[in-house]
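Engineer: Please find my_file.cif (mmCIF, C-alpha atoms) on the next line:
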```
data_query
#
loop_
_atom_site.label_atom_id
_atom_site.label_comp_id
_atom_site.auth_asym_id
_atom_site.auth_seq_id
_atom_site.Cartn_x
_atom_site.Cartn_y
_atom_site.Cartn_z
CA MET V 1 -41.29 -66.06 27.63
CA PRO V 2 -42.82 -67.50 30.81
CA GLU V 3 -40.26 -69.83 32.39
CA LEU V 4 -40.71 -72.61 34.92
CA PRO V 5 -41.40 -70.41 38.00
CA GLU V 6 -44.01 -68.37 36.14
CA VAL V 7 -45.72 -71.51 34.83
CA GLU V 8 -45.61 -73.06 38.30
CA LEU V 9 -47.22 -69.95 39.80
CA THR V 10 -49.87 -70.00 37.08
CA CYS V 11 -50.48 -73.68 37.80
CA ARG V 12 -50.94 -73.09 41.53
CA ARG V 13 -53.27 -70.16 40.93
CA LEU V 14 -55.42 -72.07 38.44
CA GLU V 15 -55.49 -75.15 40.66
CA ARG V 16 -57.06 -72.99 43.36
CA GLU V 17 -59.42 -71.17 41.02
CA LEU V 18 -60.61 -73.96 38.73
CA THR V 19 -60.73 -77.27 40.59
CA GLY V 20 -64.32 -78.46 40.72
CA LYS V 21 -65.63 -76.02 38.12
CA ARG V 22 -67.94 -77.40 35.42
CA ILE V 23 -67.44 -76.31 31.81
CA GLU V 24 -70.52 -74.91 30.08
CA ARG V 25 -69.06 -74.06 26.67
CA VAL V 26 -65.86 -73.28 24.77
CA MET V 27 -65.31 -70.37 22.40
CA VAL V 28 -62.39 -70.48 19.95
CA ARG V 29 -61.60 -67.20 18.19
CA ALA V 30 -58.28 -68.19 16.60
CA PRO V 31 -58.34 -71.68 15.08
CA LYS V 32 -54.56 -71.85 14.97
CA LEU V 33 -51.91 -70.87 17.49
CA ARG V 34 -48.59 -72.73 17.28
CA PHE V 35 -50.71 -75.72 16.22
CA PRO V 36 -54.38 -75.82 15.21
CA ILE V 37 -56.75 -75.83 18.19
CA PRO V 38 -58.86 -79.02 18.02
CA GLN V 39 -62.08 -78.20 16.17
CA GLU V 40 -64.02 -80.57 18.42
CA LEU V 41 -62.86 -78.88 21.65
CA HIS V 42 -66.32 -77.49 22.43
CA ALA V 43 -67.91 -80.93 22.20
CA LEU V 44 -65.07 -82.55 24.14
CA LEU V 45 -65.12 -80.14 27.09
CA THR V 46 -68.77 -79.14 27.47
CA GLY V 47 -70.21 -80.65 30.64
CA ARG V 48 -66.82 -81.76 31.97
CA THR V 49 -65.47 -80.80 35.38
CA ILE V 50 -61.88 -79.74 35.94
CA ARG V 51 -60.52 -82.20 38.47
CA SER V 52 -57.00 -80.78 38.82
CA VAL V 53 -54.37 -78.54 37.22
CA GLY V 54 -50.76 -79.74 37.03
CA ARG V 55 -47.48 -78.87 35.35
CA ARG V 56 -44.83 -80.72 33.38
CA GLY V 57 -41.89 -78.56 32.35
CA LYS V 58 -43.50 -75.44 30.90
CA TYR V 59 -46.77 -77.19 30.04
CA LEU V 60 -50.00 -76.86 32.03
CA LEU V 61 -52.12 -80.00 32.36
CA PHE V 62 -55.87 -79.72 32.96
CA ASP V 63 -57.55 -82.97 34.03
CA CYS V 64 -61.03 -82.74 32.50
CA GLU V 65 -62.42 -86.16 33.49
CA THR V 66 -62.36 -87.81 30.06
CA GLY V 67 -58.98 -86.43 29.01
CA TRP V 68 -56.40 -83.73 29.49
CA LEU V 69 -56.10 -80.26 28.02
CA ILE V 70 -52.40 -79.49 27.52
CA VAL V 71 -51.50 -75.79 27.31
CA HIS V 72 -48.18 -74.05 26.65
CA LEU V 73 -48.14 -70.27 27.09
CA GLY V 74 -45.64 -69.71 24.28
CA MET V 75 -43.73 -66.44 24.17
CA THR V 76 -46.42 -64.03 25.31
CA GLY V 77 -49.41 -66.02 26.50
CA PHE V 78 -51.18 -66.00 29.84
CA LEU V 79 -54.40 -67.34 31.33
CA ARG V 80 -56.83 -65.33 33.47
CA LEU V 81 -60.07 -66.22 35.22
CA LEU V 82 -62.49 -63.37 34.57
CA PRO V 83 -66.17 -62.50 35.01
CA GLY V 84 -68.08 -63.82 32.03
CA THR V 85 -69.27 -60.30 31.18
CA THR V 86 -65.69 -59.17 30.43
CA PRO V 87 -65.49 -58.39 26.68
CA PRO V 88 -62.66 -60.14 24.80
CA GLY V 89 -59.73 -58.14 23.48
CA ARG V 90 -57.86 -58.38 20.22
CA HIS V 91 -55.50 -61.14 21.37
CA ASP V 92 -57.97 -63.16 23.43
CA HIS V 93 -58.09 -66.37 21.40
CA LEU V 94 -59.83 -68.94 23.59
CA ASP V 95 -62.53 -68.83 26.29
CA ILE V 96 -63.53 -71.71 28.53
CA VAL V 97 -66.81 -70.65 30.11
CA PHE V 98 -67.97 -72.25 33.37
CA ASP V 99 -71.49 -72.78 34.62
CA ASP V 100 -70.97 -70.21 37.41
CA GLY V 101 -70.42 -67.48 34.82
CA ALA V 102 -66.64 -67.22 35.10
CA VAL V 103 -64.44 -67.55 32.02
CA LEU V 104 -60.87 -68.80 31.65
CA ARG V 105 -59.38 -66.67 28.87
CA PHE V 106 -56.20 -67.38 26.91
CA HIS V 107 -54.46 -64.19 25.76
CA ASP V 108 -51.53 -64.58 23.35
CA PRO V 109 -50.44 -61.64 21.18
CA ARG V 110 -47.83 -63.60 19.19
CA LYS V 111 -49.88 -66.79 18.83
CA PHE V 112 -46.97 -69.04 19.83
CA GLY V 113 -49.01 -70.81 22.49
CA THR V 114 -50.26 -74.39 22.30
CA VAL V 115 -53.63 -75.92 23.15
CA VAL V 116 -54.02 -79.67 22.53
CA TRP V 117 -56.26 -82.46 23.80
CA THR V 118 -55.38 -86.02 24.68
CA THR V 119 -57.21 -88.98 26.18
CA ASP V 120 -53.92 -90.77 26.88
CA LEU V 121 -51.75 -90.08 29.90
CA PRO V 122 -50.12 -86.66 29.33
CA ALA V 123 -46.64 -88.08 29.94
CA THR V 124 -47.00 -90.16 26.77
CA HIS V 125 -48.01 -87.25 24.52
CA PRO V 126 -45.35 -86.39 21.89
CA LEU V 127 -45.01 -82.87 23.31
CA LEU V 128 -44.15 -84.20 26.78
CA ALA V 129 -42.70 -87.67 26.31
CA ALA V 130 -39.12 -86.51 25.75
CA ILE V 131 -38.99 -83.90 28.53
CA GLY V 132 -36.24 -84.46 31.08
CA PRO V 133 -36.52 -84.59 34.88
CA GLU V 134 -37.90 -81.68 36.88
CA PRO V 135 -35.14 -79.44 38.31
CA LEU V 136 -37.02 -78.84 41.57
CA THR V 137 -36.84 -82.55 42.39
CA ALA V 138 -33.99 -84.72 43.60
CA ALA V 139 -33.78 -86.26 40.13
CA VAL V 140 -31.64 -83.31 38.98
CA ASP V 141 -28.65 -83.57 41.28
CA GLY V 142 -24.91 -83.35 40.81
CA ALA V 143 -24.61 -87.01 39.88
CA TYR V 144 -27.22 -86.62 37.16
CA LEU V 145 -25.67 -83.48 35.64
CA PHE V 146 -22.22 -85.07 35.76
CA ARG V 147 -23.49 -88.20 33.99
CA VAL V 148 -25.38 -86.42 31.18
CA SER V 149 -22.57 -83.95 30.51
CA ARG V 150 -19.69 -86.39 30.01
CA THR V 151 -19.89 -86.68 26.22
CA ARG V 152 -21.38 -83.29 25.42
CA ARG V 153 -19.24 -80.54 23.96
CA VAL V 154 -22.16 -78.11 23.82
CA ALA V 155 -21.89 -75.05 26.07
CA VAL V 156 -23.07 -75.76 29.60
CA LYS V 157 -25.77 -73.08 29.37
CA GLN V 158 -27.24 -74.78 26.31
CA LEU V 159 -27.18 -78.09 28.16
CA LEU V 160 -29.24 -76.56 30.98
CA MET V 161 -31.74 -75.14 28.49
CA ASN V 162 -32.18 -78.44 26.68
CA ALA V 163 -35.64 -79.59 27.85
CA ALA V 164 -34.71 -83.20 27.12
CA ILE V 165 -31.96 -82.89 29.77
CA VAL V 166 -33.65 -80.67 32.36
CA ALA V 167 -37.31 -79.63 32.24
CA GLY V 168 -38.17 -75.96 32.00
CA VAL V 169 -34.92 -74.08 32.74
CA GLY V 170 -35.09 -71.11 30.41
CA ASN V 171 -32.66 -68.36 29.50
CA ILE V 172 -33.22 -66.19 32.57
CA TYR V 173 -32.62 -68.82 35.21
CA ALA V 174 -29.79 -70.53 33.35
CA ASN V 175 -27.91 -67.21 33.39
CA GLU V 176 -28.55 -66.73 37.10
CA ALA V 177 -27.74 -70.30 38.16
CA LEU V 178 -24.42 -70.30 36.31
CA PHE V 179 -23.45 -66.99 37.91
CA ARG V 180 -24.16 -68.29 41.39
CA ALA V 181 -22.26 -71.48 40.63
CA GLY V 182 -19.25 -69.52 39.33
CA ILE V 183 -19.30 -71.38 36.00
CA SER V 184 -18.79 -69.66 32.66
CA PRO V 185 -21.82 -70.29 30.43
CA ASP V 186 -19.75 -71.01 27.31
CA ARG V 187 -17.66 -73.79 28.82
CA PRO V 188 -18.10 -77.20 27.22
CA ALA V 189 -20.47 -79.22 29.36
CA SER V 190 -18.05 -82.15 29.39
CA SER V 191 -15.43 -79.99 31.13
CA LEU V 192 -17.46 -79.73 34.34
CA SER V 193 -16.09 -81.50 37.38
CA ARG V 194 -18.28 -83.48 39.75
CA PRO V 195 -18.11 -80.72 42.42
CA GLU V 196 -19.09 -78.13 39.81
CA CYS V 197 -22.07 -80.26 38.80
CA GLU V 198 -23.10 -80.54 42.44
CA ARG V 199 -22.86 -76.77 42.83
CA LEU V 200 -24.78 -76.13 39.61
CA ALA V 201 -27.63 -78.51 40.49
CA HIS V 202 -27.96 -76.65 43.79
CA THR V 203 -28.00 -73.15 42.24
CA VAL V 204 -30.50 -74.16 39.54
CA ARG V 205 -32.91 -75.34 42.22
CA GLU V 206 -32.14 -72.30 44.37
CA VAL V 207 -32.90 -69.61 41.79
CA LEU V 208 -36.06 -71.36 40.60
CA GLN V 209 -37.36 -71.84 44.13
CA GLU V 210 -36.56 -68.26 45.13
CA SER V 211 -38.55 -66.94 42.19
CA ILE V 212 -41.50 -69.16 43.11
CA ASP V 213 -41.26 -68.16 46.77
CA GLN V 214 -41.35 -64.48 45.84
CA GLY V 215 -44.37 -65.10 43.65
CA SER V 216 -46.51 -62.71 45.67
CA THR V 217 -45.19 -60.04 43.31
CA TYR V 218 -46.30 -62.01 40.24
CA ARG V 219 -49.19 -60.21 38.64
CA VAL V 220 -51.15 -60.10 35.42
CA GLU V 221 -52.42 -56.78 34.18
CA GLU V 222 -54.42 -55.82 31.13
CA GLU V 223 -51.53 -54.69 28.95
CA THR V 224 -48.45 -56.10 30.61
CA VAL V 225 -47.31 -59.22 32.40
CA ALA V 226 -44.70 -58.95 35.16
CA TYR V 227 -43.16 -62.41 35.25
CA HIS V 228 -39.95 -62.05 37.18
CA PRO V 229 -39.93 -61.00 40.83
CA LEU V 230 -36.20 -61.60 41.42
CA ASP V 231 -33.52 -58.94 41.35
CA PHE V 232 -31.16 -60.49 38.84
CA ASP V 233 -27.39 -60.58 39.18
CA VAL V 234 -26.67 -60.96 35.47
CA TYR V 235 -29.78 -61.39 33.32
CA GLY V 236 -30.54 -58.20 31.40
CA ARG V 237 -27.51 -56.44 32.90
CA GLY V 238 -24.97 -56.67 30.07
CA LYS V 239 -22.01 -54.29 30.63
CA ASP V 240 -23.23 -53.35 34.11
CA ALA V 241 -21.02 -53.90 37.13
CA CYS V 242 -20.87 -57.36 38.66
CA THR V 243 -22.70 -57.52 41.98
CA ARG V 244 -19.93 -59.71 43.37
CA CYS V 245 -16.58 -58.26 42.19
CA GLY V 246 -17.54 -54.89 40.68
CA GLY V 247 -16.03 -55.74 37.29
CA ALA V 248 -17.84 -55.28 33.99
CA LEU V 249 -20.26 -57.99 32.98
CA LYS V 250 -19.96 -59.41 29.47
CA GLU V 251 -22.79 -60.17 27.04
CA ILE V 252 -22.50 -62.80 24.30
CA ARG V 253 -24.86 -64.93 22.20
CA LEU V 254 -25.20 -68.64 22.87
CA GLY V 255 -27.72 -70.66 20.91
CA ASN V 256 -29.05 -67.34 19.60
CA ARG V 257 -29.93 -66.27 23.14
CA SER V 258 -28.54 -63.33 25.09
CA THR V 259 -26.08 -64.56 27.70
CA VAL V 260 -24.63 -62.34 30.43
CA PHE V 261 -21.86 -63.40 32.80
CA CYS V 262 -18.88 -62.13 34.78
CA PRO V 263 -15.52 -63.07 33.22
CA ARG V 264 -13.85 -62.73 36.63
CA CYS V 265 -16.29 -64.66 38.81
CA GLN V 266 -17.27 -67.34 36.32
CA THR V 267 -14.55 -69.61 35.01
#
```
What is this file in structure tokens?
Structural biologist:
Amino acid sequence: MPELPEVELTCRRLERELTGKRIERVMVRAPKLRFPIPQELHALLTGRTIRSVGRRGKYLLFDCETGWLIVHLGMTGFLRLLPGTTPPGRHDHLDIVFDDGAVLRFHDPRKFGTVVWTTDLPATHPLLAAIGPEPLTAAVDGAYLFRVSRTRRVAVKQLLMNAAIVAGVGNIYANEALFRAGISPDRPASSLSRPECERLAHTVREVLQESIDQGSTYRVEEETVAYHPLDFDVYGRGKDACTRCGGALKEIRLGNRSTVFCPRCQT
């Protein structure tokens, strides 16, 4: 699934590519993804100009003058700007065609993506209203993590992945941040000390920013999407040797997600 760095890179790319473009028509090939695509989308968007592209958590926000198009890429979705002559493939479910001939195409093999429209401020939409603060901002610091963790017995990794607590930290970067912070992912969140929360807030921001900074290796190809430019210390390396101590990494399930950590380096 695209996580915060991948969505941020997509946002920056689309902001460059789409700002100022005027929409000529909309073609919907799959009326339902995670939710039904608004039937009136063609009428709503035709003739509108994209004024900006933003991000909130893992959601992309397209300012289309009279309202906002809110898009979530789901498990397997991605957006590409293509020449209008490019024929659609099997999993190309939505085209936004611009008056210069280019087309923004939404590709989503598993149909877990989301496309909704709102005329209200995006922050008030039910999909976004309960999202927590952005981890790349000063709002997610040690004091914040310490405060929200005091009464929570849930595992600290699950706390990090709770979008109502911190926006957009997915499985990959939660694994990596906890390794760098030296914190075991299955510890109760309430057991964290203030210094540990300070360290964790720093490593969350660090791993996310590093992935964004290395985004020159992010690419979208016809049949595959390479989302993750980082060389990971723990994610996807269950039973491999720890990059820090050389001991065997351990893989468990937390919240039905694969979780890899070093029993020696993370306590």
Engineer: Is there a way to get, as a PyMOL selection string, all residues within 9 Å of the point (-50.8, -67.1, 31.3) in file coordinates, counting all atoms listed in the file?
Structural biologist: chain V and resi 2+6-7+10+72-73+76-80+105-108+220+225
Engineer: Have a look at V:Tyr173, V:Glu210, V:Ala155, V:Glu134 and name the one nearest to Ala189 of chain V; count all atoms listed in the file.
Structural biologist: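 Distance minimum relative to Ala189 of chain V lands on V:Ala155.
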Engineer: Tell me which protein, DNA and RNA residues are within 8 Å of Ala30 of chain V, counting only C-alpha atoms, leaving out same-chain ones fewer than 6 positions away, and put them as JSON, numbers by chain.
Structural biologist: {"V": [37, 93, 94]}
Engineer: List as an mmCIF file with C-alpha atoms, in the coordinates of the input: which residues have an atom within 8 Å of (-55.2, -79.0, 29.3), counting only C-alpha atoms?
Structural biologist:
```cif
data_model
loop_
_atom_site.group_PDB
_atom_site.id
_atom_site.type_symbol
_atom_site.label_atom_id
_atom_site.label_comp_id
_atom_site.auth_asym_id
_atom_site.auth_seq_id
_atom_site.Cartn_x
_atom_site.Cartn_y
_atom_site.Cartn_z
ATOM 1 C CA VAL V 53 -54.370 -78.540 37.220
ATOM 2 C CA LEU V 60 -50.000 -76.860 32.030
ATOM 3 C CA LEU V 61 -52.120 -80.000 32.360
ATOM 4 C CA PHE V 62 -55.870 -79.720 32.960
ATOM 5 C CA ASP V 63 -57.550 -82.970 34.030
ATOM 6 C CA CYS V 64 -61.030 -82.740 32.500
ATOM 7 C CA TRP V 68 -56.400 -83.730 29.490
ATOM 8 C CA LEU V 69 -56.100 -80.260 28.020
ATOM 9 C CA ILE V 70 -52.400 -79.490 27.520
ATOM 10 C CA VAL V 71 -51.500 -75.790 27.310
ATOM 11 C CA VAL V 115 -53.630 -75.920 23.150
ATOM 12 C CA VAL V 116 -54.020 -79.670 22.530
ATOM 13 C CA TRP V 117 -56.260 -82.460 23.800
#
```
Engineer: May I ask which of the residues V:Pro135, V:Leu127, V:Gly168, V:Ala241 is the closest one to Leu200 of chain V, counting all atoms listed in the file?
Structural biologist: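 Of the candidates, the smallest distance to Leu200 of chain V is held by V:Pro135.
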Engineer: Counting only C-alpha atoms, which of V:Arg55, V:Lys250, V:Arg29, V:Arg34 gets nearest to Gly89 of chain V?
Structural biologist: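 Ranking V:Arg55, V:Lys250, V:Arg29, V:Arg34 by distance to Gly89 of chain V, first place goes to V:Arg29.
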Engineer: Which residues fall under the PyMOL selection byres ((chain V and resi 23) around 8) in this file, as an MDAnalysis selection string?
Structural biologist: chainID V and resid 21:22 24:26 45:50 96:99
Engineer: One number please: atom CA of Met75 of chain V to atom CA of Glu3 of chain V, in Å, one decimal.
Structural biologist: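 Calculated distance between atom CA of Met75 of chain V and atom CA of Glu3 of chain V is 9.5 Å.
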Engineer: Would you kindly return, as a PyMOL selection string, each protein, DNA or RNA residue with an atom no farther than 12 Å from any atom of Val207 of chain V, considering all atoms listed in the file and excluding same-chain residues fewer than 3 positions away?
Structural biologist: chain V and resi 3-5+135-136+169-170+172-181+200-204+210-214+228-233
Engineer: Atom CA of Ala163 of chain V and atom CA of Glu251 of chain V are how many Å apart?
Structural biologist: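 According to the coordinates, atom CA of Ala163 of chain V and atom CA of Glu251 of chain V are separated by 23.3 Å.
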